[in-house]
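*Asks:* Below is the file start05.cif, with mmCIF, C-alpha atoms.
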```cif
data_structure
#
loop_
_atom_site.label_atom_id
_atom_site.label_comp_id
_atom_site.auth_asym_id
_atom_site.auth_seq_id
_atom_site.Cartn_x
_atom_site.Cartn_y
_atom_site.Cartn_z
CA MET A 1384 17.25 4.18 29.82
CA ALA A 1385 13.84 2.51 29.48
CA SER A 1386 13.14 0.52 26.34
CA ILE A 1387 11.58 2.60 23.56
CA GLY A 1388 10.74 -0.23 21.19
CA GLN A 1389 10.38 -3.96 21.04
CA ILE A 1390 9.83 -6.83 18.65
CA VAL A 1391 6.23 -7.90 19.05
CA GLU A 1392 5.99 -11.59 19.86
CA GLN A 1393 2.95 -13.35 21.25
CA THR A 1394 3.96 -16.96 21.81
CA PRO A 1395 7.17 -18.03 23.65
CA SER A 1396 7.92 -20.97 21.35
CA SER A 1397 10.43 -21.64 18.59
CA GLU A 1398 10.89 -18.66 16.26
CA VAL A 1399 9.04 -20.09 13.25
CA LEU A 1400 6.13 -21.45 15.30
CA SER A 1401 5.92 -18.25 17.32
CA ARG A 1402 5.73 -16.04 14.26
CA ALA A 1403 3.21 -18.33 12.54
CA GLN A 1404 0.95 -18.31 15.60
CA ALA A 1405 1.36 -14.57 16.04
CA ARG A 1406 0.27 -14.04 12.44
CA ALA A 1407 -2.77 -16.29 12.93
CA VAL A 1408 -3.79 -14.19 15.95
CA LEU A 1409 -3.11 -10.88 14.22
CA VAL A 1410 -4.84 -11.39 10.87
CA PRO A 1411 -8.50 -11.60 12.06
CA ASP A 1412 -8.18 -8.32 13.97
CA CYS A 1413 -6.48 -6.74 10.96
CA MET A 1414 -9.35 -7.90 8.75
CA VAL A 1415 -11.89 -6.19 11.02
CA GLU A 1416 -9.83 -2.99 11.05
CA ALA A 1417 -9.35 -3.16 7.27
CA LYS A 1418 -13.09 -3.38 6.67
CA ARG A 1419 -13.70 -0.43 8.98
CA ILE A 1420 -11.11 1.71 7.21
CA ALA A 1421 -12.32 0.63 3.76
CA ASN A 1422 -15.89 1.58 4.63
CA THR A 1423 -14.74 4.96 5.95
CA VAL A 1424 -12.69 5.73 2.84
CA ILE A 1425 -15.32 4.50 0.38
CA ALA A 1426 -17.85 6.85 1.99
CA GLY A 1427 -15.72 9.74 0.74
CA TRP A 1428 -15.46 8.77 -2.91
CA HIS A 1429 -17.18 6.77 -5.65
CA GLY A 1430 -14.65 3.95 -5.92
CA ARG A 1431 -12.48 3.29 -8.94
CA ARG A 1432 -15.29 3.75 -11.44
CA LYS A 1433 -14.28 5.32 -14.72
CA ARG A 1434 -15.96 5.79 -18.03
CA GLY A 1435 -15.36 3.27 -20.78
CA ILE A 1436 -16.92 0.29 -22.57
CA GLY A 1437 -19.79 -1.20 -20.59
CA GLU A 1438 -23.53 -1.53 -20.19
CA ASN A 1439 -24.12 0.31 -16.90
CA PHE A 1440 -24.96 4.02 -16.93
CA TRP A 1441 -22.43 6.17 -15.07
CA GLN A 1442 -23.08 9.85 -15.69
CA PHE A 1443 -24.19 12.60 -18.04
CA ARG A 1444 -21.54 15.15 -18.99
CA PRO A 1445 -21.31 18.04 -21.49
CA TYR A 1446 -20.53 17.10 -25.08
CA ALA A 1447 -16.96 17.91 -26.16
CA GLU A 1448 -16.19 19.01 -29.72
CA GLY A 1449 -14.86 16.13 -31.81
CA GLU A 1450 -16.72 13.34 -30.01
CA SER A 1451 -18.95 10.97 -31.92
CA LEU A 1452 -22.50 12.29 -32.32
CA SER A 1453 -23.79 8.78 -31.63
CA ARG A 1454 -22.87 9.22 -27.98
CA ILE A 1455 -25.13 12.24 -27.48
CA ASP A 1456 -28.18 11.63 -25.27
CA TRP A 1457 -30.77 13.69 -27.11
CA ARG A 1458 -33.51 13.20 -24.51
CA ARG A 1459 -31.32 14.62 -21.72
CA SER A 1460 -30.03 17.37 -24.00
CA ALA A 1461 -33.57 18.47 -24.83
CA ARG A 1462 -34.18 19.50 -21.20
CA ASP A 1463 -32.02 22.63 -21.48
CA ASP A 1464 -29.70 24.48 -23.83
CA HIS A 1465 -26.72 22.12 -23.42
CA THR A 1466 -25.72 18.96 -25.27
CA TYR A 1467 -24.96 15.96 -23.07
CA VAL A 1468 -23.15 12.67 -23.57
CA ARG A 1469 -24.19 9.51 -21.73
CA ASP A 1470 -21.12 7.84 -20.21
CA ARG A 1471 -21.07 4.15 -19.42
CA GLU A 1472 -18.93 2.61 -16.70
CA TRP A 1473 -15.73 0.76 -17.54
CA GLU A 1474 -16.29 -2.93 -16.80
CA ALA A 1475 -13.01 -4.57 -17.75
CA ALA A 1476 -11.54 -6.21 -14.63
CA HIS A 1477 -7.92 -5.39 -13.91
CA THR A 1478 -5.46 -7.64 -12.07
CA ILE A 1479 -3.83 -6.10 -9.02
CA TRP A 1480 -1.24 -7.98 -6.97
CA LEU A 1481 -0.93 -7.07 -3.29
CA TRP A 1482 2.00 -8.00 -1.06
CA ALA A 1483 2.96 -7.13 2.52
CA ASP A 1484 6.35 -7.83 4.09
CA MET A 1485 6.17 -10.32 6.98
CA SER A 1486 9.87 -10.39 7.86
CA PRO A 1487 11.02 -9.96 11.50
CA SER A 1488 11.83 -6.25 11.15
CA MET A 1489 8.15 -5.57 10.44
CA MET A 1490 7.18 -6.79 13.92
CA TYR A 1491 8.82 -3.74 15.52
CA LYS A 1492 6.72 -1.30 17.56
CA SER A 1493 8.01 1.60 19.63
CA THR A 1494 6.20 3.55 22.33
CA PHE A 1495 5.62 6.25 19.69
CA GLY A 1496 3.72 3.99 17.28
CA THR A 1497 0.13 2.85 17.66
CA VAL A 1498 0.68 -0.58 16.10
CA SER A 1499 3.52 -2.72 14.78
CA LYS A 1500 4.66 -2.19 11.20
CA GLU A 1501 3.43 -5.69 10.34
CA SER A 1502 -0.05 -4.94 11.66
CA ARG A 1503 -0.32 -1.71 9.67
CA ALA A 1504 0.96 -3.37 6.49
CA LEU A 1505 -1.62 -6.16 6.80
CA VAL A 1506 -4.43 -3.68 7.44
CA LEU A 1507 -3.48 -1.64 4.37
CA MET A 1508 -3.22 -4.72 2.14
CA LEU A 1509 -6.57 -6.14 3.28
CA ALA A 1510 -8.30 -2.74 3.08
CA LEU A 1511 -7.05 -2.32 -0.49
CA ALA A 1512 -8.28 -5.82 -1.30
CA GLU A 1513 -11.69 -4.96 0.15
CA ILE A 1514 -12.06 -1.75 -1.87
CA LEU A 1515 -10.73 -3.21 -5.11
CA ALA A 1516 -12.86 -6.35 -4.81
CA ARG A 1517 -15.97 -4.21 -4.44
CA SER A 1518 -14.95 -2.49 -7.70
CA GLY A 1519 -14.80 -5.85 -9.48
CA GLU A 1520 -11.01 -6.05 -9.80
CA ARG A 1521 -9.04 -9.31 -9.75
CA ILE A 1522 -6.93 -9.57 -6.57
CA GLY A 1523 -3.85 -11.76 -6.11
CA CYS A 1524 -0.87 -12.08 -3.78
CA PRO A 1525 2.47 -13.37 -5.17
CA GLY A 1526 3.23 -16.83 -3.84
CA ILE A 1527 0.15 -16.84 -1.61
CA MET A 1528 -3.03 -16.49 -3.69
CA GLU A 1529 -3.77 -16.62 -7.41
CA PRO A 1530 -5.82 -13.67 -8.73
CA ILE A 1531 -9.54 -13.97 -8.07
CA SER A 1532 -12.52 -11.76 -8.78
CA ALA A 1533 -14.90 -12.12 -5.85
CA ARG A 1534 -16.68 -9.90 -3.36
CA ASN A 1535 -15.03 -11.82 -0.50
CA ALA A 1536 -11.52 -11.58 -1.96
CA ALA A 1537 -10.23 -9.77 1.15
CA GLU A 1538 -11.46 -12.53 3.46
CA ARG A 1539 -9.95 -15.20 1.21
CA LEU A 1540 -6.66 -13.32 1.11
CA ALA A 1541 -6.66 -13.07 4.92
CA THR A 1542 -7.18 -16.83 5.19
CA ALA A 1543 -4.40 -17.51 2.69
CA ILE A 1544 -2.02 -15.28 4.66
CA ILE A 1545 -2.62 -17.23 7.86
CA HIS A 1546 -1.53 -20.46 6.19
CA ALA A 1547 1.25 -18.99 4.03
CA PRO A 1548 4.87 -20.02 4.69
CA LEU A 1549 7.08 -17.48 6.44
CA THR A 1550 9.39 -15.72 3.99
CA THR A 1551 11.73 -12.74 3.96
CA GLY A 1552 12.57 -10.26 1.23
CA LEU A 1553 10.56 -9.27 -1.80
CA PRO A 1554 8.22 -11.89 -3.28
CA GLU A 1555 8.82 -14.05 -6.33
CA THR A 1556 6.96 -12.55 -9.26
CA GLY A 1557 7.55 -15.05 -12.06
CA MET A 1558 3.87 -16.00 -11.99
CA ILE A 1559 2.75 -12.47 -12.89
CA ARG A 1560 1.86 -12.15 -16.56
CA GLY A 1561 0.71 -9.28 -18.72
CA HIS A 1562 0.15 -5.69 -17.73
CA SER A 1563 -0.86 -5.66 -14.09
CA ASP A 1564 -0.48 -3.44 -11.05
CA ILE A 1565 1.53 -4.57 -8.04
CA VAL A 1566 1.44 -2.95 -4.60
CA LEU A 1567 4.41 -3.69 -2.34
CA ILE A 1568 4.07 -2.77 1.35
CA GLY A 1569 7.02 -3.03 3.74
CA ASP A 1570 9.72 -1.09 5.57
CA PHE A 1571 12.33 -1.40 2.78
CA LEU A 1572 15.21 -0.58 5.12
CA ASP A 1573 17.84 -2.03 2.80
CA ASP A 1574 20.01 0.29 0.76
CA ALA A 1575 17.94 1.90 -2.01
CA ASP A 1576 20.15 0.42 -4.72
CA ARG A 1577 19.60 -3.10 -3.36
CA VAL A 1578 15.84 -2.61 -3.31
CA MET A 1579 15.86 -1.30 -6.87
CA GLU A 1580 17.88 -4.31 -8.07
CA ARG A 1581 14.80 -6.42 -7.32
CA ILE A 1582 12.18 -3.92 -8.43
CA ALA A 1583 13.63 -2.53 -11.68
CA PRO A 1584 13.15 -5.82 -13.62
CA LEU A 1585 9.43 -5.74 -12.72
CA GLY A 1586 9.08 -2.30 -14.27
CA ARG A 1587 10.86 -3.44 -17.42
CA ARG A 1588 8.33 -6.29 -17.69
CA GLY A 1589 5.51 -3.76 -17.92
CA LEU A 1590 4.20 -3.97 -14.35
CA ARG A 1591 2.80 -0.74 -13.00
CA GLY A 1592 4.03 -0.61 -9.44
CA HIS A 1593 3.25 1.16 -6.20
CA LEU A 1594 5.53 0.95 -3.17
CA VAL A 1595 4.38 1.83 0.35
CA GLU A 1596 7.14 2.30 2.91
CA ILE A 1597 5.93 1.67 6.47
CA ALA A 1598 7.99 3.21 9.28
CA ASP A 1599 7.74 3.34 13.04
CA PRO A 1600 8.13 6.93 14.31
CA ALA A 1601 11.24 5.99 16.31
CA GLU A 1602 12.96 4.89 13.11
CA GLU A 1603 12.66 8.39 11.70
CA ILE A 1604 13.04 10.69 14.72
CA PHE A 1605 15.70 8.56 16.52
CA PRO A 1606 14.63 9.50 20.10
CA TYR A 1607 17.44 7.59 21.84
CA ASN A 1608 19.71 9.07 24.51
CA GLY A 1609 22.57 7.75 26.60
CA ARG A 1610 23.80 4.17 26.45
CA THR A 1611 21.59 2.31 24.01
CA GLU A 1612 21.71 -1.22 22.65
CA PHE A 1613 20.30 -1.75 19.15
CA THR A 1614 19.41 -5.24 17.91
CA ASP A 1615 18.95 -6.22 14.26
CA PRO A 1616 15.71 -8.27 14.20
CA GLU A 1617 16.78 -10.01 10.99
CA THR A 1618 20.26 -11.18 12.05
CA GLY A 1619 20.28 -10.75 15.83
CA GLU A 1620 23.44 -8.61 15.62
CA LYS A 1621 23.79 -5.99 18.35
CA LEU A 1622 25.27 -2.49 18.37
CA VAL A 1623 25.90 -0.55 21.59
CA SER A 1624 26.16 3.23 21.54
CA GLY A 1625 27.53 4.94 24.62
CA ARG A 1626 25.78 8.25 23.83
CA ALA A 1627 23.12 7.62 21.20
CA GLU A 1628 22.17 11.30 20.96
CA THR A 1629 25.57 12.12 19.44
CA ILE A 1630 24.77 10.17 16.26
CA ARG A 1631 21.16 11.38 15.88
CA ASP A 1632 21.84 14.02 13.22
CA GLU A 1633 24.08 11.74 11.16
CA TYR A 1634 21.55 8.90 11.42
CA ARG A 1635 18.65 11.09 10.32
CA ARG A 1636 20.58 12.44 7.33
CA ALA A 1637 21.37 8.88 6.21
CA TYR A 1638 17.80 7.72 6.85
CA LEU A 1639 16.19 10.56 4.90
CA ALA A 1640 18.74 10.28 2.07
CA ARG A 1641 17.93 6.56 1.68
CA ARG A 1642 14.22 7.32 1.42
CA GLU A 1643 14.73 10.19 -1.02
CA ASN A 1644 16.95 8.03 -3.25
CA LEU A 1645 14.42 5.20 -3.20
CA GLY A 1646 11.52 7.51 -4.03
CA LEU A 1647 13.44 9.16 -6.88
CA SER A 1648 14.48 5.80 -8.36
CA LEU A 1649 10.90 4.54 -8.23
CA ARG A 1650 9.52 7.65 -9.89
CA ASN A 1651 12.14 7.38 -12.64
CA LEU A 1652 10.89 3.82 -13.18
CA GLY A 1653 7.34 5.12 -13.48
CA TRP A 1654 6.25 3.73 -10.10
CA SER A 1655 4.54 5.57 -7.28
CA PHE A 1656 5.97 5.89 -3.77
CA VAL A 1657 4.09 6.49 -0.52
CA PHE A 1658 5.74 6.95 2.88
CA HIS A 1659 3.61 6.18 5.93
CA ARG A 1660 4.29 6.23 9.67
CA THR A 1661 2.42 4.03 12.11
CA ASP A 1662 1.46 7.02 14.28
CA HIS A 1663 -0.67 8.37 11.40
CA LEU A 1664 -4.08 7.15 10.27
CA ALA A 1665 -4.02 4.10 8.00
CA SER A 1666 -6.66 5.78 5.83
CA GLU A 1667 -4.12 8.44 4.78
CA ALA A 1668 -1.90 5.87 3.06
CA LEU A 1669 -4.93 4.01 1.71
CA VAL A 1670 -6.28 7.13 -0.01
CA ALA A 1671 -2.86 7.89 -1.54
CA VAL A 1672 -2.34 4.38 -2.93
CA HIS A 1673 -5.90 4.14 -4.21
CA SER A 1674 -5.46 7.44 -6.04
CA TYR A 1675 -2.35 6.15 -7.78
CA LEU A 1676 -4.14 2.92 -8.72
CA SER A 1677 -6.98 5.00 -10.15
CA GLY A 1678 -4.55 7.01 -12.25
CA LEU A 1679 -5.36 10.18 -10.31
CA PRO A 1680 -2.94 12.61 -8.65
CA ALA A 1681 -2.44 11.36 -5.11
CA GLN A 1682 -3.34 13.80 -2.34
CA LYS A 1683 -0.51 14.48 0.08
CA PRO A 1684 -1.39 12.70 3.34
CA ILE A 1685 -2.00 14.86 6.38
CA GLY A 1686 1.34 15.09 8.15
CA GLY A 1687 2.88 13.23 5.22
CA ARG A 1688 6.50 13.48 4.21
#
```
Would you mind writing the structure in this file as structure tokens?

*Replies:*
Amino acid sequence: MASIGQIVEQTPSSEVLSRAQARAVLVPDCMVEAKRIANTVIAGWHGRRKRGIGENFWQFRPYAEGESLSRIDWRRSARDDHTYVRDREWEAAHTIWLWADMSPSMMYKSTFGTVSKESRALVLMLALAEILARSGERIGCPGIMEPISARNAAERLATAIIHAPLTTGLPETGMIRGHSDIVLIGDFLDDADRVMERIAPLGRRGLRGHLVEIADPAEEIFPYNGRTEFTDPETGEKLVSGRAETIRDEYRRAYLARRENLGLSLRNLGWSFVFHRTDHLASEALVAVHSYLSGLPAQKPIGGR
């Protein structure tokens, strides 16, 4: 049968050079797409602003019994029969670490997906960096960029990614100190227990985590029929199935069980979990992750699972 998916490669050179050059070509386009998505999403909300200690006015709201009388805005309250409190905006910058998997399996794209998993992961990471930087947060990437607070943090992160060494697996996190948020974006196709072996220690250190699993549609629906050859992009190992359709149901049960186990383990750790397919809008995953970062209930993405 015709090929359904492929590993996206752009330069026929040695593997390391090819992947490095492919990343350099991919990142600028991802940065443009990330800015577009960030602008679209921001238009629908008011950012991560929240009331707290600060100098800038945020909003008037009705006075609640038990609050300090010193917070009442008597001038605003005098306009009608209600008592109002003047809220100021929280100005304390928070450190948020962003990471996207760049391993070979992320370069997969089937005919059912709009982009490769790597491209979608980069767009989500850079779009998050764009939104969070505009909110004044400190943005870092483990092993790639130390946390910075700057309006152009997304552009600086994109540049750092281009020149970063190629790695596989979850990032080293020894440099992360204090109570921070970390967003991990990848396909996480390993056994759920193996993934949690790396993640659980981060939770015990006080990191508030958010994991985004990126999947190509073919990985979930398993659309293969007849004689099919599968290749592991990480090891190069091959598996040939004479009638792929005969294992579809068993494969899907195992695939969904792995995801359910991973999501349950993460929630028990106090982390959030978002599943996203590359045939859906990137903004769906972005809204969900941003809601978790804001401490709000995440809306279920359209078509989400």

*Asks:* Quick one: of A:Ala1421, A:Val1566, A:Ala1583, A:Val1578, who's nearest to Ser1655 in chain A, counting all atoms listed in the file?

*Replies:*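 Closest to Ser1655 in chain A of all the choices is A:Val1566.
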
*Asks:* For range 1464-1578 of chain A against range 1610-1619 of chain A, with a cut-off of 9 Å and counting all atoms listed in the file, what is the closest atom pair and its distance in Å to one decimal for every residue that makes the cut, ordered by chain and number, as a tab-separated table?

*Replies:*
```
residue	atom	partner	partner_atom	distance
A:Ser1486	CA	A:Glu1617	CA	7.6
A:Pro1487	CA	A:Pro1616	CA	5.7
A:Ser1488	CA	A:Pro1616	CA	5.3
A:Met1489	CA	A:Pro1616	CA	8.9
A:Met1490	CA	A:Pro1616	CA	8.7
A:Tyr1491	CA	A:Pro1616	CA	8.4
```

*Asks:* One number please: CA of Ile1531 in chain A to CA of Glu1596 in chain A, in Å, one decimal.

*Replies:* 25.8 Å

*Asks:* Name the residues captured by the PyMOL selection byres ((chain A and resi 1660) around 12) when it is applied to the shown file; answer as a PyMOL selection string.

*Replies:* chain A and resi 1492-1493+1495-1501+1503-1504+1569-1570+1595-1604+1657-1659+1661-1668+1684-1688

*Asks:* Please identify all polymer residues lying at most 12 Å from the point (16.9, -2.1, -3.2) (file coordinates), using all atoms listed in the file, and present the result as a list in words.

*Replies:*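 Output: Gly1552, Leu1553, Asp1570, Phe1571, Leu1572, Asp1573, Asp1574, Ala1575, Asp1576, Arg1577, Val1578, Met1579, Glu1580, Arg1581, Ile1582, Ala1583, Pro1584, Leu1594, Arg1641, Arg1642, Asn1644, Leu1645, Gly1646, Ser1648 and Leu1649 of chain A.
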
*Asks:* I'd like to see the residues matched by the PyMOL selection byres ((chain A and resi 1528) around 12) on this file, and ideally I'd get them as a list in words.

*Replies:*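 Given this file, the PyMOL selection byres ((chain A and resi 1528) around 12) evaluates to Ile1479, Trp1480, Leu1481, Trp1482, Arg1521, Ile1522, Gly1523, Cys1524, Pro1525, Gly1526, Ile1527, Glu1529, Pro1530, Ile1531, Ser1532, Ala1536, Ala1537, Glu1538, Arg1539, Leu1540, Ala1541, Thr1542, Ala1543, Ile1544, Ile1545, His1546, Ala1547, Met1558 and Ile1559 of chain A.
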
*Asks:* Give me, please, the distance in Å between CA of Pro1445 in chain A and CA of Tyr1467 in chain A, quoted to one decimal.

*Replies:*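 So the answer is 4.5 Å.
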
*Asks:* Taking all atoms listed in the file into account, name the residue in A:Met1508, A:Ala1447, A:Ile1455, A:Met1485 that is nearest to Lys1418 in chain A.

*Replies:*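 Distance minimum relative to Lys1418 in chain A lands on A:Met1508.
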
*Asks:* As a check of understanding, name the residues that the PyMOL selection byres ((chain A and resi 1560) around 10) selects in the supplied structure, as an MDAnalysis selection string.

*Replies:* chainID A and resid 1478 1556:1559 1561:1563 1588:1590
